[in-house]
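Shown here: input28.cif, mmCIF, C-alpha atoms.
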data_target
loop_
_atom_site.group_PDB
_atom_site.id
_atom_site.type_symbol
_atom_site.label_atom_id
_atom_site.label_comp_id
_atom_site.auth_asym_id
_atom_site.auth_seq_id
_atom_site.Cartn_x
_atom_site.Cartn_y
_atom_site.Cartn_z
ATOM 1 C CA MET A 1 -9.825 1.922 33.013
ATOM 2 C CA LYS A 2 -10.845 3.313 36.392
ATOM 3 C CA ARG A 3 -12.431 -0.046 37.258
ATOM 4 C CA LEU A 4 -9.493 -2.127 36.038
ATOM 5 C CA LEU A 5 -6.493 -0.297 37.513
ATOM 6 C CA PRO A 6 -7.335 -1.187 41.133
ATOM 7 C CA LEU A 7 -7.210 -4.858 40.090
ATOM 8 C CA CYS A 8 -3.566 -4.584 38.954
ATOM 9 C CA ARG A 9 -0.840 -5.828 41.262
ATOM 10 C CA SER A 10 1.508 -3.048 42.282
ATOM 11 C CA ASP A 11 4.529 -5.358 41.908
ATOM 12 C CA ALA A 12 3.617 -6.434 38.357
ATOM 13 C CA PHE A 13 4.569 -4.951 35.004
ATOM 14 C CA THR A 14 1.202 -3.830 33.621
ATOM 15 C CA ILE A 15 0.468 -4.136 29.890
ATOM 16 C CA LEU A 16 -2.693 -2.665 28.369
ATOM 17 C CA LEU A 17 -3.893 -4.508 25.288
ATOM 18 C CA ALA A 18 -6.200 -2.044 23.523
ATOM 19 C CA HIS A 19 -7.866 -2.440 20.161
ATOM 20 C CA HIS A 20 -7.610 1.297 19.403
ATOM 21 C CA PRO A 21 -4.475 3.354 20.147
ATOM 22 C CA HIS A 22 -6.500 6.316 21.476
ATOM 23 C CA ALA A 23 -6.434 4.478 24.839
ATOM 24 C CA PHE A 24 -2.742 5.351 25.179
ATOM 25 C CA ASP A 25 -3.188 8.885 26.521
ATOM 26 C CA ARG A 26 -5.289 7.666 29.451
ATOM 27 C CA ALA A 27 -2.983 4.700 29.982
ATOM 28 C CA ALA A 28 0.070 6.990 30.158
ATOM 29 C CA GLU A 29 -1.720 9.286 32.607
ATOM 30 C CA ALA A 30 -2.495 6.214 34.746
ATOM 31 C CA GLY A 31 1.181 5.168 34.724
ATOM 32 C CA ILE A 32 0.734 2.018 32.622
ATOM 33 C CA PRO A 33 4.204 1.372 31.199
ATOM 34 C CA LEU A 34 3.230 -0.463 27.997
ATOM 35 C CA THR A 35 0.196 -0.292 25.703
ATOM 36 C CA LEU A 36 -0.162 -2.551 22.661
ATOM 37 C CA ALA A 37 -2.737 -1.545 20.043
ATOM 38 C CA GLY A 38 -3.816 -1.963 16.446
ATOM 39 C CA HIS A 39 -6.986 -0.832 14.628
ATOM 40 C CA THR A 40 -5.291 1.635 12.265
ATOM 41 C CA HIS A 41 -3.915 -0.858 9.708
ATOM 42 C CA GLY A 42 -0.865 1.407 9.593
ATOM 43 C CA GLY A 43 -2.956 4.018 7.806
ATOM 44 C CA GLN A 44 -3.548 1.562 4.947
ATOM 45 C CA LEU A 45 -3.098 4.268 2.282
ATOM 46 C CA MET A 46 0.035 6.255 3.019
ATOM 47 C CA LEU A 47 1.974 8.506 0.624
ATOM 48 C CA GLY A 48 4.962 8.471 2.996
ATOM 49 C CA ASN A 49 5.766 7.826 6.650
ATOM 50 C CA ASP A 50 3.774 10.795 7.938
ATOM 51 C CA VAL A 51 1.468 11.668 5.037
ATOM 52 C CA GLY A 52 -1.705 9.751 4.255
ATOM 53 C CA ALA A 53 -4.918 8.379 5.700
ATOM 54 C CA GLY A 54 -3.278 7.244 8.930
ATOM 55 C CA SER A 55 -1.829 10.599 9.923
ATOM 56 C CA VAL A 56 -5.127 12.337 9.117
ATOM 57 C CA LEU A 57 -7.351 9.874 10.985
ATOM 58 C CA PHE A 58 -5.204 8.846 13.944
ATOM 59 C CA LYS A 59 -2.995 10.563 16.502
ATOM 60 C CA TYR A 60 -1.057 7.299 16.794
ATOM 61 C CA CYS A 61 -0.934 5.424 13.494
ATOM 62 C CA SER A 62 1.919 2.900 13.359
ATOM 63 C CA GLY A 63 5.004 1.956 15.332
ATOM 64 C CA PRO A 64 6.317 3.011 18.742
ATOM 65 C CA TYR A 65 5.381 6.189 20.640
ATOM 66 C CA ARG A 66 6.582 7.405 24.013
ATOM 67 C CA ARG A 67 4.945 9.660 26.576
ATOM 68 C CA GLY A 68 6.860 10.065 29.822
ATOM 69 C CA ALA A 69 7.647 6.601 31.176
ATOM 70 C CA SER A 70 4.924 4.963 29.041
ATOM 71 C CA THR A 71 5.321 3.363 25.627
ATOM 72 C CA LEU A 72 2.710 2.583 22.971
ATOM 73 C CA VAL A 73 3.325 0.153 20.129
ATOM 74 C CA VAL A 74 0.775 0.265 17.276
ATOM 75 C CA SER A 75 0.852 -2.720 14.950
ATOM 76 C CA ASN A 76 -0.246 -2.460 11.320
ATOM 77 C CA GLY A 77 -1.780 -5.904 11.728
ATOM 78 C CA VAL A 78 -2.575 -8.213 8.848
ATOM 79 C CA GLY A 79 -6.157 -7.238 7.975
ATOM 80 C CA ASN A 80 -7.465 -4.392 5.870
ATOM 81 C CA TRP A 81 -10.613 -2.388 5.189
ATOM 82 C CA PHE A 82 -10.402 -3.323 1.512
ATOM 83 C CA PRO A 83 -7.782 -5.401 -0.339
ATOM 84 C CA LEU A 84 -5.191 -2.643 -0.840
ATOM 85 C CA ARG A 85 -2.312 -1.280 1.236
ATOM 86 C CA VAL A 86 0.060 1.483 0.142
ATOM 87 C CA ASN A 87 3.196 2.100 2.263
ATOM 88 C CA ALA A 88 1.517 0.361 5.201
ATOM 89 C CA PRO A 89 2.708 -3.255 5.014
ATOM 90 C CA ALA A 90 0.942 -5.980 6.933
ATOM 91 C CA GLU A 91 2.863 -7.135 9.986
ATOM 92 C CA ILE A 92 2.834 -9.458 12.943
ATOM 93 C CA LEU A 93 4.902 -8.051 15.801
ATOM 94 C CA HIS A 94 7.253 -10.128 17.907
ATOM 95 C CA LEU A 95 8.087 -8.232 21.096
ATOM 96 C CA THR A 96 10.542 -9.445 23.694
ATOM 97 C CA LEU A 97 10.341 -7.901 27.167
ATOM 98 C CA ARG A 98 13.279 -8.309 29.518
ATOM 99 C CA ALA A 99 13.519 -7.419 33.192
ATOM 100 C CA GLU A 100 16.298 -5.053 34.201
ATOM 101 C CA PRO A 101 18.643 -6.547 36.805
ATOM 102 C CA GLY A 102 17.641 -5.410 40.276
ATOM 103 C CA VAL A 103 14.404 -3.785 39.103
ATOM 104 C CA ASN A 104 10.975 -5.303 39.693
ATOM 105 C CA ALA A 105 9.677 -4.201 36.291
ATOM 106 C CA CYS A 106 10.502 -4.596 32.623
ATOM 107 C CA HIS A 107 12.473 -2.084 30.599
ATOM 108 C CA VAL A 108 10.761 -0.885 27.431
ATOM 109 C CA PRO A 109 13.371 0.505 25.017
ATOM 110 C CA ALA A 110 12.776 4.059 23.800
ATOM 111 C CA PRO A 111 11.394 4.301 20.226
ATOM 112 C CA GLY A 112 13.869 4.812 17.442
#

Before anything else, please render the file you have as structure tokens.
Amino acid sequence: MKRLLPLCRSDAFTILLAHHPHAFDRAAEAGIPLTLAGHTHGGQLMLGNDVGAGSVLFKYCSGPYRRGASTLVVSNGVGNWFPLRVNAPAEILHLTLRAEPGVNACHVPAPG
């Protein structure tokens, strides 16, 4: 990330597309407003929203997370490690980003 950040335009809304959501902590520290990630398959085997393989294996498992002014969205994706998902449905995300009037950046709604 140290090599890439200097290449970003200061007047642009920067989006980090990361395979693994563990990149979010460094992205938030660097001031990147939006990180999109996958890799976790939503935990694949979940007993509930916060209990299961995903919450044991990953700090960020599925859905939106916020840290300061930065947002992470983790998609469950459509693949799997083996042909079974429990409480971790496959998904394809459709995100719409809109610029705030008078602001040279996009507003990312708070999770929830």

Item to check | Shortest interatomic distance to Leu16 in chain A - which of A:Thr40, A:Asn76, A:Asn49, A:Ser70, counting all atoms listed in the file | outcome: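 The shortest atom-to-atom distance to Leu16 in chain A comes from A:Ser70.
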
Checklist outcome for this item: With distances taken over only C-alpha atoms, the candidate from A:Asn80, A:Thr71, A:Ile32, A:Val86 nearest Arg9 in chain A is A:Ile32

Checklist entry - So which residues get picked by the PyMOL selection byres ((chain A and resi 73) around 7) here, written as a list of chain:residue names? => result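 So the PyMOL selection byres ((chain A and resi 73) around 7) ends up selecting A:Thr35, A:Leu36, A:Ala37, A:Gly63, A:Pro64, A:Tyr65, A:Thr71, A:Leu72, A:Val74, A:Ser75.
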
Checklist entry - Quick one, how far is CA of Leu5 in chain A from CA of Ala30 in chain A? => result 8.1 Å

Item to check | Atom pair CA of Met46 in chain A / CA of Ala27 in chain A: separation (Å) | outcome: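 We find that CA of Met46 in chain A and CA of Ala27 in chain A lie 27.2 Å from each other.
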
Next on the checklist: Translate the PyMOL selection byres ((chain A and resi 22) around 9) into a concrete residue list for this structure, as a ChimeraX atom specification.
Outcome noted: /A:18-21,23-26,37,58-60

Checklist outcome for this item: Among A:Gly52, A:Leu45, A:Glu29, A:Leu84, Lys2 in chain A is approached most closely, using only C-alpha atoms, by A:Glu29

Item to check | Selection result for the PyMOL selection byres ((chain A and resi 69) around 9) on this file, as a VMD selection string | outcome: chain A and resid 28 31 to 34 66 to 68 70 to 71 108

Checklist entry - So what do you get for CA of Glu100 in chain A versus CA of Ser62 in chain A, distance-wise? => result 26.5 Å

Checklist entry - Closest to Asp50 in chain A among A:Leu97, A:Ile15, A:Cys8, A:Ala88, using all atoms listed in the file? => result A:Ala88
